[in-house]
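Here the structure is laid out as structure tokens; the discussion comes afterwards.
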Amino acid sequence: MRKKYRVLMVSPEVVPFAKTGGLADVCGALPHALGGLGHDVRVLMPLYREVDAKAHQLRRSAALKDVPIRVGDKEIRVDFRIGRLPESKVKVYFAEQPALYDRDGLYVDPETGQDFPDNALRFVTLPRAALALCERLDWIPDIIHCHDWQTALIPLMTKSDEYRTSFARTRTILTIHNLGYQGNFPPETIELLENHRHLLQPMGPLEYFGDLSFLKAGVVFADKLNTVSPTYAREIQASEEYGYGFQDILQERSEDLVGILNGLDVNVWNPETDPDIAVNYNRDSLDKKVENKKALCERVGFSYDKSVPLFGIISRLASQKGFDLLSEIRDSLVALPIQLVLLGTGEEQYETLLREMAARSPRKFHAVIGFNNKLAHRIEAGVDCFLMPSRYEPCGLNQMMSMRYGTIPLVRATGGLADTVIDIDDDPQRGNGFAFSQYDADVFLETIKRALKTYANRSRWRDMQVRGMSQDFSWAASAKKYVELYEQALQK
Ligand code: ADP
């Protein structure tokens, strides 16, 4: 029988407690899948204001109160509250430190649109809190699984004099969900990491173009690294374009770096049982999907027309997601027989762009600026085709959610999109969507036109829908790959 591991998963966001992107979906679902394989998995995240402590019945514990944590020359006291992932036994600890986490917004101040000025302090404290929690619980994990720059100092800390003894047998994994976010801070930040001052020398493990990089520390010190798709794992080592300056140090670690595709929470993203959509359906009752299209059209003020395909976008509004391509083709799009519903929030320039597109052509474009989980479900169920023209995409979840809902993804073939979407014209037998390679507005437009053509061929479209709905997007396969990665780390 396989060994069962103790795993502490440390993440800055976890569904259903707090979310800005796909990282939260992963950290809400993967622990559950690992628990299902018999491992003792626990999760730690900050107690942000957004976390609804009452609704999730978080409890306090006298044993986990006032835990002292050293950050630079300061002592910070943290309480830990305890909850569970819904419908599972997985314990979730919440680091409660009101001065650091009890405010509106996760990383960005909603008032100014800028990163919080004390983000370095907030995410030096979280890794320290993780180690202090394990010691306090006298529960030393085999694996500490870190996610993104906000937790990337843990591998350095477990090897430091302060923690080396307690964590001598613990191995660390760093999952990079998006290399575009690196946690780079001015060099003075080293004051928060007093005992690691020497690592900030030029070319040292913490130094990145004169700054102090949290993510770099993780890349250098984690026992194993992964990204969230095989293609993205290759892309970030291959060029500056995807590697954002990290390509060389990632290449140096290429033996320890793999790509593991994310799964979906297939219970939450299930058109058969989804409580948020107008009419439930599955691949045998696909005809009912159209009721969701009608309901969505009604909600956004479009007239429903069977022959007009309804496109959807749900996205962080960031340049990564290809909104410059959308901007370039917007006039040509209006001329096509299509409708488009957008849901997103993020950079102001794109919010303005989308508002303008919607104001100019209210019967063709509709934009909802904001974060709305229920509407995201309704869009996945209601639209015919989902657009993801990403410049880069570490994994991407929406193309998989789309396929579960019989919605055809139209994507740029990069990262996880390249690993999951097969173009119907390239491979008519296995095709489950549309994909284009060159990051170019004309190519994007041509691909939309190809989709229109295929949409007119009902049986071909339906075959694609059924193919997508028949795929296994569950975490089962990927969770096993993570266990293999843990095993390799423990053998080091
Ligand atoms: P990323 O992590 O880069 O944002 P992913 O495709 O991996 O992209 O995951 C994005 C997740 O966030 C998906 O679950 C998507 O539905 C959701 N999402 C993004 N923007 C919104 C929004 N405005 N409202 C609701 N859900 C959103």
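Here, A, B, ... name the chains of the structure tokens in the order displayed, residue numbers run from 1 inside each chain, and ligands are numbered from 1 in the same displayed order.
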query = Taking only C-alpha atoms and all ligand atoms into account, which residues are within 10 Å of ligand 1, as a VMD selection string?
reply = chain A and resid 15 19 to 26 177 to 178 180 228 262 264 to 265 269 313 to 318 320 to 321 342 to 346 368 to 377 379 to 380 388 390 392 to 402 416 to 417
Just to be explicit: take each residue in the selection above, keep C-alpha atoms, and write the result as a JSON list (two decimals), in the first residue's frame.
[["chain", "number", "residue", "atom", "x", "y", "z"],
["A", 15, "VAL", "CA", -12.65, 28.66, -2.88],
["A", 19, "LYS", "CA", -11.04, 34.22, -4.72],
["A", 20, "THR", "CA", -9.56, 36.44, -7.37],
["A", 21, "GLY", "CA", -8.66, 33.75, -9.92],
["A", 22, "GLY", "CA", -8.09, 30.13, -10.83],
["A", 23, "LEU", "CA", -5.56, 29.64, -8.02],
["A", 24, "ALA", "CA", -8.46, 29.73, -5.56],
["A", 25, "ASP", "CA", -10.36, 27.07, -7.52],
["A", 26, "VAL", "CA", -7.31, 24.81, -7.43],
["A", 177, "HIS", "CA", 0.00, 29.52, -11.16],
["A", 178, "ASN", "CA", 1.10, 32.60, -13.07],
["A", 180, "GLY", "CA", 3.39, 37.23, -14.38],
["A", 228, "VAL", "CA", -0.38, 24.17, -14.05],
["A", 262, "ASN", "CA", -5.55, 21.61, -13.24],
["A", 264, "LEU", "CA", -12.18, 21.26, -12.11],
["A", 265, "ASP", "CA", -14.49, 20.91, -9.20],
["A", 269, "TRP", "CA", -19.35, 22.88, -12.47],
["A", 313, "ILE", "CA", -16.14, 35.93, -22.01],
["A", 314, "ILE", "CA", -15.56, 35.66, -18.25],
["A", 315, "SER", "CA", -12.20, 36.98, -17.27],
["A", 316, "ARG", "CA", -9.91, 39.07, -15.19],
["A", 317, "LEU", "CA", -9.49, 42.17, -17.31],
["A", 318, "ALA", "CA", -5.73, 42.02, -17.73],
["A", 320, "GLN", "CA", -2.65, 38.64, -20.38],
["A", 321, "LYS", "CA", -6.17, 37.75, -21.45],
["A", 342, "LEU", "CA", -18.77, 39.76, -21.17],
["A", 343, "LEU", "CA", -18.24, 39.44, -17.43],
["A", 344, "GLY", "CA", -15.07, 40.77, -15.93],
["A", 345, "THR", "CA", -13.28, 43.10, -13.63],
["A", 346, "GLY", "CA", -9.76, 44.45, -13.57],
["A", 368, "VAL", "CA", -21.09, 43.26, -16.78],
["A", 369, "ILE", "CA", -18.21, 44.85, -14.92],
["A", 370, "GLY", "CA", -17.78, 43.06, -11.62],
["A", 371, "PHE", "CA", -17.17, 39.68, -10.04],
["A", 372, "ASN", "CA", -20.29, 37.53, -10.07],
["A", 373, "ASN", "CA", -20.02, 33.81, -9.55],
["A", 374, "LYS", "CA", -23.68, 32.99, -10.24],
["A", 375, "LEU", "CA", -23.63, 34.92, -13.48],
["A", 376, "ALA", "CA", -20.44, 33.07, -14.45],
["A", 377, "HIS", "CA", -22.41, 29.81, -14.22],
["A", 379, "ILE", "CA", -22.93, 32.45, -18.96],
["A", 380, "GLU", "CA", -21.20, 29.06, -19.19],
["A", 388, "MET", "CA", -10.15, 33.04, -24.62],
["A", 390, "SER", "CA", -5.00, 34.81, -24.18],
["A", 392, "TYR", "CA", -0.41, 33.48, -22.27],
["A", 393, "GLU", "CA", -2.46, 31.10, -20.13],
["A", 394, "PRO", "CA", -0.82, 28.95, -17.43],
["A", 395, "CYS", "CA", -3.79, 26.55, -17.44],
["A", 396, "GLY", "CA", -7.10, 28.29, -17.85],
["A", 397, "LEU", "CA", -10.19, 26.87, -16.28],
["A", 398, "ASN", "CA", -12.94, 28.45, -18.30],
["A", 399, "GLN", "CA", -12.24, 26.43, -21.45],
["A", 400, "MET", "CA", -12.77, 23.26, -19.40],
["A", 401, "MET", "CA", -15.84, 24.64, -17.64],
["A", 402, "SER", "CA", -17.17, 25.53, -21.09],
["A", 416, "GLY", "CA", -3.08, 25.02, -20.81],
["A", 417, "LEU", "CA", -5.33, 26.11, -23.66]]
message = Considering only alpha helix (DSSP H) as DSSP defines it on the backbone, what residues of segment 300-442 of chain A qualify? List them as a PyMOL selection string.
response = chain A and resi 300+323-328+330-334+348-360+373-382+398-404+415-420+441-442
Export of the given selection (C-alpha atoms) as a tab-separated table (two decimals), in the first residue's frame:
chain	number	residue	atom	x	y	z
A	300	VAL	CA	-28.97	41.05	-20.84
A	323	PHE	CA	-8.25	42.22	-24.68
A	324	ASP	CA	-6.02	44.18	-27.04
A	325	LEU	CA	-6.98	41.70	-29.77
A	326	LEU	CA	-10.65	42.12	-28.93
A	327	SER	CA	-10.23	45.87	-29.05
A	328	GLU	CA	-8.63	45.70	-32.51
A	330	ARG	CA	-14.39	45.30	-32.30
A	331	ASP	CA	-15.68	47.11	-35.40
A	332	SER	CA	-15.45	43.99	-37.52
A	333	LEU	CA	-17.22	42.00	-34.80
A	334	VAL	CA	-20.23	44.30	-34.84
A	348	GLU	CA	-9.50	50.31	-15.97
A	349	GLN	CA	-8.54	50.64	-19.64
A	350	TYR	CA	-10.32	47.37	-20.41
A	351	GLU	CA	-13.33	48.17	-18.26
A	352	THR	CA	-13.67	51.37	-20.28
A	353	LEU	CA	-13.25	49.51	-23.56
A	354	LEU	CA	-15.95	47.00	-22.69
A	355	ARG	CA	-18.35	49.66	-21.45
A	356	GLU	CA	-17.85	51.57	-24.69
A	357	MET	CA	-18.42	48.50	-26.86
A	358	ALA	CA	-21.63	47.74	-24.96
A	359	ALA	CA	-22.88	51.34	-25.10
A	360	ARG	CA	-22.32	51.54	-28.84
A	373	ASN	CA	-20.02	33.81	-9.55
A	374	LYS	CA	-23.68	32.99	-10.24
A	375	LEU	CA	-23.63	34.92	-13.48
A	376	ALA	CA	-20.44	33.07	-14.45
A	377	HIS	CA	-22.41	29.81	-14.22
A	378	ARG	CA	-25.27	31.27	-16.25
A	379	ILE	CA	-22.93	32.45	-18.96
A	380	GLU	CA	-21.20	29.06	-19.19
A	381	ALA	CA	-24.59	27.38	-19.55
A	382	GLY	CA	-26.14	30.01	-21.81
A	398	ASN	CA	-12.94	28.45	-18.30
A	399	GLN	CA	-12.24	26.43	-21.45
A	400	MET	CA	-12.77	23.26	-19.40
A	401	MET	CA	-15.84	24.64	-17.64
A	402	SER	CA	-17.17	25.53	-21.09
A	403	MET	CA	-16.70	22.03	-22.40
A	404	ARG	CA	-18.56	20.60	-19.41
A	415	GLY	CA	-0.20	27.05	-22.18
A	416	GLY	CA	-3.08	25.02	-20.81
A	417	LEU	CA	-5.33	26.11	-23.66
A	418	ALA	CA	-3.01	24.30	-26.09
A	419	ASP	CA	-3.12	21.23	-23.84
A	420	THR	CA	-6.91	21.02	-23.66
A	441	ALA	CA	-6.10	40.23	-34.28
A	442	ASP	CA	-6.77	39.16	-37.88
So which bits of segment 406-435 of chain A end up strand (DSSP E or B) when you DSSP the backbone, as a tab-separated table (two decimals) with C-alpha atoms, in the first residue's frame?
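Contents of out19.tsv, as written:
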chain	number	residue	atom	x	y	z
A	408	ILE	CA	-17.43	25.40	-27.47
A	409	PRO	CA	-14.14	27.07	-26.51
A	410	LEU	CA	-12.37	29.32	-28.99
A	411	VAL	CA	-8.85	29.89	-27.72
A	412	ARG	CA	-5.36	30.97	-28.56
A	423	ASP	CA	-9.15	22.50	-33.23
A	433	GLY	CA	-13.13	23.63	-30.13
A	434	PHE	CA	-11.29	26.25	-32.15
A	435	ALA	CA	-7.67	27.22	-31.63
Just want the 10 Å neighbourhood of Gly113 of chain A, counted on only C-alpha atoms, with same-chain residues fewer than 3 positions away dropped. Output as a JSON list (two decimals) with all heavy atoms, in the first residue's frame.
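around-v8.json, freshly written:
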[["chain", "number", "residue", "atom", "x", "y", "z"],
["A", 105, "GLY", "N", -10.45, 44.09, -0.21],
["A", 105, "GLY", "CA", -9.46, 43.74, -1.23],
["A", 105, "GLY", "C", -8.48, 42.70, -0.72],
["A", 105, "GLY", "O", -8.22, 42.61, 0.49],
["A", 107, "TYR", "N", -5.24, 41.91, -2.54],
["A", 107, "TYR", "CA", -3.86, 42.39, -2.75],
["A", 107, "TYR", "C", -3.82, 43.85, -3.17],
["A", 107, "TYR", "O", -2.82, 44.50, -3.04],
["A", 107, "TYR", "CB", -3.14, 41.56, -3.82],
["A", 107, "TYR", "CG", -3.47, 40.10, -3.78],
["A", 107, "TYR", "CD1", -4.09, 39.46, -4.85],
["A", 107, "TYR", "CD2", -3.18, 39.35, -2.63],
["A", 107, "TYR", "CE1", -4.41, 38.11, -4.78],
["A", 107, "TYR", "CE2", -3.51, 38.01, -2.57],
["A", 107, "TYR", "CZ", -4.13, 37.40, -3.64],
["A", 107, "TYR", "OH", -4.46, 36.08, -3.58],
["A", 108, "VAL", "N", -4.96, 44.28, -3.74],
["A", 108, "VAL", "CA", -5.02, 45.62, -4.33],
["A", 108, "VAL", "C", -6.03, 46.45, -3.54],
["A", 108, "VAL", "O", -7.11, 45.96, -3.20],
["A", 108, "VAL", "CB", -5.46, 45.51, -5.81],
["A", 108, "VAL", "CG1", -5.70, 46.88, -6.41],
["A", 108, "VAL", "CG2", -4.43, 44.74, -6.63],
["A", 109, "ASP", "N", -5.65, 47.69, -3.26],
["A", 109, "ASP", "CA", -6.55, 48.59, -2.55],
["A", 109, "ASP", "C", -7.65, 49.05, -3.51],
["A", 109, "ASP", "O", -7.35, 49.71, -4.51],
["A", 109, "ASP", "CB", -5.74, 49.79, -2.05],
["A", 109, "ASP", "CG", -6.57, 50.71, -1.17],
["A", 109, "ASP", "OD1", -7.81, 50.63, -1.24],
["A", 109, "ASP", "OD2", -5.98, 51.51, -0.43],
["A", 110, "PRO", "N", -8.91, 48.69, -3.24],
["A", 110, "PRO", "CA", -9.97, 49.05, -4.19],
["A", 110, "PRO", "C", -10.12, 50.57, -4.33],
["A", 110, "PRO", "O", -10.61, 51.04, -5.37],
["A", 110, "PRO", "CB", -11.23, 48.42, -3.60],
["A", 110, "PRO", "CG", -10.88, 47.90, -2.27],
["A", 110, "PRO", "CD", -9.40, 47.93, -2.09],
["A", 116, "PHE", "N", -1.45, 47.01, -2.14],
["A", 116, "PHE", "CA", -1.29, 47.52, -0.76],
["A", 116, "PHE", "C", 0.18, 47.75, -0.49],
["A", 116, "PHE", "O", 1.02, 46.91, -0.83],
["A", 116, "PHE", "CB", -1.82, 46.51, 0.24],
["A", 116, "PHE", "CG", -3.32, 46.36, 0.25],
["A", 116, "PHE", "CD1", -3.90, 45.12, -0.02],
["A", 116, "PHE", "CD2", -4.15, 47.44, 0.52],
["A", 116, "PHE", "CE1", -5.27, 44.97, -0.01],
["A", 116, "PHE", "CE2", -5.53, 47.29, 0.53],
["A", 116, "PHE", "CZ", -6.09, 46.06, 0.25],
["A", 346, "GLY", "N", -11.21, 44.35, -13.55],
["A", 346, "GLY", "CA", -9.76, 44.45, -13.57],
["A", 346, "GLY", "C", -9.29, 45.81, -14.02],
["A", 346, "GLY", "O", -9.82, 46.83, -13.58],
["A", 347, "GLU", "N", -8.32, 45.81, -14.96],
["A", 347, "GLU", "CA", -7.68, 47.06, -15.36],
["A", 347, "GLU", "C", -8.68, 48.03, -15.98],
["A", 347, "GLU", "O", -9.52, 47.63, -16.80],
["A", 347, "GLU", "CB", -6.55, 46.78, -16.34],
["A", 347, "GLU", "CG", -5.38, 46.07, -15.69],
["A", 347, "GLU", "CD", -4.34, 45.61, -16.70],
["A", 347, "GLU", "OE1", -4.20, 46.25, -17.75],
["A", 347, "GLU", "OE2", -3.68, 44.59, -16.41],
["A", 348, "GLU", "N", -8.53, 49.29, -15.59],
["A", 348, "GLU", "CA", -9.50, 50.31, -15.97],
["A", 348, "GLU", "C", -9.63, 50.47, -17.48],
["A", 348, "GLU", "O", -10.74, 50.61, -18.00],
["A", 348, "GLU", "CB", -9.08, 51.63, -15.33],
["A", 348, "GLU", "CG", -10.23, 52.58, -15.14],
["A", 348, "GLU", "CD", -9.78, 53.87, -14.48],
["A", 348, "GLU", "OE1", -9.10, 53.78, -13.44],
["A", 348, "GLU", "OE2", -10.09, 54.93, -15.03]]
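Residues in contact with Ala99 of chain A at up to 12 Å, not including ones fewer than 4 positions away on its chain and judged by only C-alpha atoms, are Pro46, Leu47, Tyr48, Arg49, Ile76, Arg77, Val78, Ala95, Arg103, Asp104, Asp118, Asn119, Leu121, Arg122 and Thr125 of chain A.
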Selection: 8 Å around segment 171-174 of chain A, only C-alpha atoms, excl. self and same-chain fewer than 3 positions, as a PDB file with all heavy atoms, in the first residue's frame:
ATOM      1  N   ASP A 142       4.784  16.190   6.038  1.00  0.00           N
ATOM      2  CA  ASP A 142       5.806  15.654   5.129  1.00  0.00           C
ATOM      3  C   ASP A 142       6.045  16.659   4.018  1.00  0.00           C
ATOM      4  O   ASP A 142       7.161  16.842   3.558  1.00  0.00           O
ATOM      5  CB  ASP A 142       5.318  14.333   4.505  1.00  0.00           C
ATOM      6  CG  ASP A 142       5.029  13.279   5.558  1.00  0.00           C
ATOM      7  OD1 ASP A 142       5.978  12.903   6.259  1.00  0.00           O
ATOM      8  OD2 ASP A 142       3.852  12.880   5.705  1.00  0.00           O
ATOM      9  N   ILE A 143       4.962  17.271   3.580  1.00  0.00           N
ATOM     10  CA  ILE A 143       5.017  18.186   2.444  1.00  0.00           C
ATOM     11  C   ILE A 143       4.345  19.502   2.810  1.00  0.00           C
ATOM     12  O   ILE A 143       3.235  19.500   3.358  1.00  0.00           O
ATOM     13  CB  ILE A 143       4.232  17.586   1.240  1.00  0.00           C
ATOM     14  CG1 ILE A 143       4.900  16.312   0.716  1.00  0.00           C
ATOM     15  CG2 ILE A 143       4.060  18.620   0.117  1.00  0.00           C
ATOM     16  CD1 ILE A 143       6.213  16.514   0.000  1.00  0.00           C
ATOM     17  N   ILE A 144       5.010  20.603   2.522  1.00  0.00           N
ATOM     18  CA  ILE A 144       4.315  21.892   2.528  1.00  0.00           C
ATOM     19  C   ILE A 144       4.192  22.310   1.072  1.00  0.00           C
ATOM     20  O   ILE A 144       5.194  22.452   0.358  1.00  0.00           O
ATOM     21  CB  ILE A 144       5.043  22.981   3.344  1.00  0.00           C
ATOM     22  CG1 ILE A 144       5.218  22.505   4.785  1.00  0.00           C
ATOM     23  CG2 ILE A 144       4.225  24.286   3.317  1.00  0.00           C
ATOM     24  CD1 ILE A 144       5.878  23.537   5.699  1.00  0.00           C
ATOM     25  N   HIS A 145       2.959  22.450   0.637  1.00  0.00           N
ATOM     26  CA  HIS A 145       2.673  22.751  -0.767  1.00  0.00           C
ATOM     27  C   HIS A 145       2.326  24.241  -0.860  1.00  0.00           C
ATOM     28  O   HIS A 145       1.302  24.667  -0.333  1.00  0.00           O
ATOM     29  CB  HIS A 145       1.516  21.861  -1.234  1.00  0.00           C
ATOM     30  CG  HIS A 145       1.272  21.934  -2.699  1.00  0.00           C
ATOM     31  ND1 HIS A 145       0.608  20.949  -3.384  1.00  0.00           N
ATOM     32  CD2 HIS A 145       1.585  22.874  -3.622  1.00  0.00           C
ATOM     33  CE1 HIS A 145       0.545  21.277  -4.666  1.00  0.00           C
ATOM     34  NE2 HIS A 145       1.119  22.452  -4.830  1.00  0.00           N
ATOM     35  N   CYS A 146       3.207  25.011  -1.502  1.00  0.00           N
ATOM     36  CA  CYS A 146       3.054  26.466  -1.565  1.00  0.00           C
ATOM     37  C   CYS A 146       2.477  26.876  -2.918  1.00  0.00           C
ATOM     38  O   CYS A 146       2.738  26.217  -3.932  1.00  0.00           O
ATOM     39  CB  CYS A 146       4.414  27.141  -1.412  1.00  0.00           C
ATOM     40  SG  CYS A 146       5.396  26.477  -0.076  1.00  0.00           S
ATOM     41  N   HIS A 147       1.748  27.964  -2.902  1.00  0.00           N
ATOM     42  CA  HIS A 147       1.112  28.445  -4.130  1.00  0.00           C
ATOM     43  C   HIS A 147       1.435  29.911  -4.366  1.00  0.00           C
ATOM     44  O   HIS A 147       1.047  30.775  -3.582  1.00  0.00           O
ATOM     45  CB  HIS A 147      -0.405  28.254  -4.032  1.00  0.00           C
ATOM     46  CG  HIS A 147      -0.798  26.805  -3.946  1.00  0.00           C
ATOM     47  ND1 HIS A 147      -1.081  26.048  -5.060  1.00  0.00           N
ATOM     48  CD2 HIS A 147      -0.894  25.965  -2.886  1.00  0.00           C
ATOM     49  CE1 HIS A 147      -1.356  24.817  -4.688  1.00  0.00           C
ATOM     50  NE2 HIS A 147      -1.251  24.728  -3.368  1.00  0.00           N
ATOM     51  N   ASP A 148       2.143  30.161  -5.450  1.00  0.00           N
ATOM     52  CA  ASP A 148       2.460  31.518  -5.919  1.00  0.00           C
ATOM     53  C   ASP A 148       3.333  32.320  -4.942  1.00  0.00           C
ATOM     54  O   ASP A 148       3.698  31.847  -3.876  1.00  0.00           O
ATOM     55  CB  ASP A 148       1.179  32.274  -6.287  1.00  0.00           C
ATOM     56  CG  ASP A 148       0.709  31.917  -7.706  1.00  0.00           C
ATOM     57  OD1 ASP A 148       1.428  31.175  -8.399  1.00  0.00           O
ATOM     58  OD2 ASP A 148      -0.369  32.378  -8.119  1.00  0.00           O
ATOM     59  N   ALA A 152       5.799  31.867  -1.286  1.00  0.00           N
ATOM     60  CA  ALA A 152       7.025  31.317  -1.865  1.00  0.00           C
ATOM     61  C   ALA A 152       8.245  31.434  -0.951  1.00  0.00           C
ATOM     62  O   ALA A 152       9.311  30.909  -1.267  1.00  0.00           O
ATOM     63  CB  ALA A 152       7.317  31.975  -3.211  1.00  0.00           C
ATOM     64  N   ILE A 154       8.305  30.150   2.002  1.00  0.00           N
ATOM     65  CA  ILE A 154       8.314  28.994   2.914  1.00  0.00           C
ATOM     66  C   ILE A 154       9.523  28.079   2.683  1.00  0.00           C
ATOM     67  O   ILE A 154      10.195  27.692   3.646  1.00  0.00           O
ATOM     68  CB  ILE A 154       6.977  28.213   2.824  1.00  0.00           C
ATOM     69  CG1 ILE A 154       5.862  29.071   3.403  1.00  0.00           C
ATOM     70  CG2 ILE A 154       7.067  26.867   3.537  1.00  0.00           C
ATOM     71  CD1 ILE A 154       4.473  28.471   3.296  1.00  0.00           C
ATOM     72  N   PRO A 155       9.847  27.719   1.415  1.00  0.00           N
ATOM     73  CA  PRO A 155      10.990  26.816   1.209  1.00  0.00           C
ATOM     74  C   PRO A 155      12.294  27.375   1.762  1.00  0.00           C
ATOM     75  O   PRO A 155      13.140  26.607   2.256  1.00  0.00           O
ATOM     76  CB  PRO A 155      11.057  26.688  -0.320  1.00  0.00           C
ATOM     77  CG  PRO A 155       9.654  26.933  -0.776  1.00  0.00           C
ATOM     78  CD  PRO A 155       9.127  27.997   0.154  1.00  0.00           C
ATOM     79  N   GLY A 218      11.360  31.147  -3.931  1.00  0.00           N
ATOM     80  CA  GLY A 218      10.651  29.868  -4.037  1.00  0.00           C
ATOM     81  C   GLY A 218      11.231  28.993  -5.136  1.00  0.00           C
ATOM     82  O   GLY A 218      11.428  27.790  -4.959  1.00  0.00           O
ATOM     83  N   VAL A 219      11.528  29.604  -6.271  1.00  0.00           N
ATOM     84  CA  VAL A 219      12.068  28.830  -7.398  1.00  0.00           C
ATOM     85  C   VAL A 219      13.426  28.239  -7.019  1.00  0.00           C
ATOM     86  O   VAL A 219      13.744  27.103  -7.353  1.00  0.00           O
ATOM     87  CB  VAL A 219      12.188  29.724  -8.662  1.00  0.00           C
ATOM     88  CG1 VAL A 219      12.969  29.021  -9.757  1.00  0.00           C
ATOM     89  CG2 VAL A 219      10.798  30.108  -9.167  1.00  0.00           C
ATOM     90  N   ALA A 222      12.590  25.701  -3.330  1.00  0.00           N
ATOM     91  CA  ALA A 222      11.589  24.620  -3.223  1.00  0.00           C
ATOM     92  C   ALA A 222      12.221  23.310  -3.703  1.00  0.00           C
ATOM     93  O   ALA A 222      13.033  23.304  -4.624  1.00  0.00           O
ATOM     94  CB  ALA A 222      10.363  24.955  -4.054  1.00  0.00           C
ATOM     95  N   ASP A 223      11.836  22.207  -3.081  1.00  0.00           N
ATOM     96  CA  ASP A 223      12.400  20.930  -3.490  1.00  0.00           C
ATOM     97  C   ASP A 223      11.904  20.517  -4.869  1.00  0.00           C
ATOM     98  O   ASP A 223      12.631  19.942  -5.662  1.00  0.00           O
ATOM     99  CB  ASP A 223      12.061  19.853  -2.451  1.00  0.00           C
ATOM    100  CG  ASP A 223      12.773  20.142  -1.134  1.00  0.00           C
ATOM    101  OD1 ASP A 223      14.020  20.179  -1.149  1.00  0.00           O
ATOM    102  OD2 ASP A 223      12.100  20.370  -0.112  1.00  0.00           O
ATOM    103  N   LYS A 224      10.627  20.802  -5.132  1.00  0.00           N
ATOM    104  CA  LYS A 224      10.068  20.523  -6.465  1.00  0.00           C
ATOM    105  C   LYS A 224       9.204  21.705  -6.871  1.00  0.00           C
ATOM    106  O   LYS A 224       8.590  22.362  -6.024  1.00  0.00           O
ATOM    107  CB  LYS A 224       9.206  19.252  -6.441  1.00  0.00           C
ATOM    108  CG  LYS A 224      10.004  17.976  -6.352  1.00  0.00           C
ATOM    109  CD  LYS A 224      10.548  17.582  -7.715  1.00  0.00           C
ATOM    110  CE  LYS A 224      11.482  16.383  -7.619  1.00  0.00           C
ATOM    111  NZ  LYS A 224      12.074  16.058  -8.934  1.00  0.00           N
ATOM    112  N   LEU A 225       9.135  21.904  -8.183  1.00  0.00           N
ATOM    113  CA  LEU A 225       8.350  23.019  -8.724  1.00  0.00           C
ATOM    114  C   LEU A 225       7.377  22.473  -9.755  1.00  0.00           C
ATOM    115  O   LEU A 225       7.682  21.504 -10.452  1.00  0.00           O
ATOM    116  CB  LEU A 225       9.264  23.990  -9.474  1.00  0.00           C
ATOM    117  CG  LEU A 225      10.443  24.594  -8.727  1.00  0.00           C
ATOM    118  CD1 LEU A 225      11.410  25.216  -9.727  1.00  0.00           C
ATOM    119  CD2 LEU A 225       9.924  25.654  -7.764  1.00  0.00           C
ATOM    120  N   ASN A 226       6.225  23.118  -9.852  1.00  0.00           N
ATOM    121  CA  ASN A 226       5.391  22.800 -11.004  1.00  0.00           C
ATOM    122  C   ASN A 226       4.592  24.022 -11.446  1.00  0.00           C
ATOM    123  O   ASN A 226       4.433  24.984 -10.696  1.00  0.00           O
ATOM    124  CB  ASN A 226       4.468  21.605 -10.726  1.00  0.00           C
ATOM    125  CG  ASN A 226       3.222  21.987  -9.965  1.00  0.00           C
ATOM    126  OD1 ASN A 226       3.284  22.375  -8.808  1.00  0.00           O
ATOM    127  ND2 ASN A 226       2.076  21.893 -10.620  1.00  0.00           N
ATOM    128  N   TYR A 486       5.109  14.696  -4.813  1.00  0.00           N
ATOM    129  CA  TYR A 486       5.442  14.666  -3.380  1.00  0.00           C
ATOM    130  C   TYR A 486       6.440  13.533  -3.111  1.00  0.00           C
ATOM    131  O   TYR A 486       7.411  13.703  -2.376  1.00  0.00           O
ATOM    132  CB  TYR A 486       4.191  14.423  -2.521  1.00  0.00           C
ATOM    133  CG  TYR A 486       3.110  15.486  -2.593  1.00  0.00           C
ATOM    134  CD1 TYR A 486       1.822  15.229  -2.102  1.00  0.00           C
ATOM    135  CD2 TYR A 486       3.357  16.746  -3.128  1.00  0.00           C
ATOM    136  CE1 TYR A 486       0.825  16.189  -2.150  1.00  0.00           C
ATOM    137  CE2 TYR A 486       2.356  17.712  -3.186  1.00  0.00           C
ATOM    138  CZ  TYR A 486       1.093  17.424  -2.700  1.00  0.00           C
ATOM    139  OH  TYR A 486       0.109  18.367  -2.752  1.00  0.00           O
ATOM    140  N   ALA A 489       9.819  14.472  -4.206  1.00  0.00           N
ATOM    141  CA  ALA A 489      10.413  15.472  -3.303  1.00  0.00           C
ATOM    142  C   ALA A 489      10.943  14.780  -2.046  1.00  0.00           C
ATOM    143  O   ALA A 489      12.025  15.101  -1.551  1.00  0.00           O
ATOM    144  CB  ALA A 489       9.374  16.525  -2.938  1.00  0.00           C
ATOM    145  N   LEU A 490      10.181  13.819  -1.545  1.00  0.00           N
ATOM    146  CA  LEU A 490      10.576  13.148  -0.306  1.00  0.00           C
ATOM    147  C   LEU A 490      11.794  12.255  -0.506  1.00  0.00           C
ATOM    148  O   LEU A 490      12.490  11.929   0.442  1.00  0.00           O
ATOM    149  CB  LEU A 490       9.404  12.348   0.252  1.00  0.00           C
ATOM    150  CG  LEU A 490       8.306  13.252   0.844  1.00  0.00           C
ATOM    151  CD1 LEU A 490       6.992  12.515   0.973  1.00  0.00           C
ATOM    152  CD2 LEU A 490       8.743  13.810   2.194  1.00  0.00           C
TER     153      LEU A 490
END
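Ranking A:Met45, A:Ile176, A:Val92, A:Leu261 by their shortest atom-to-atom distance to Leu58 of chain A, with only C-alpha atoms included, puts A:Val92 first.
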request  = Work out how far apart atom CA of Gly243 of chain A and atom CA of Leu179 of chain A are and give it in Å to one decimal.
outcome  =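 Calculated distance between atom CA of Gly243 of chain A and atom CA of Leu179 of chain A is 6.9 Å.
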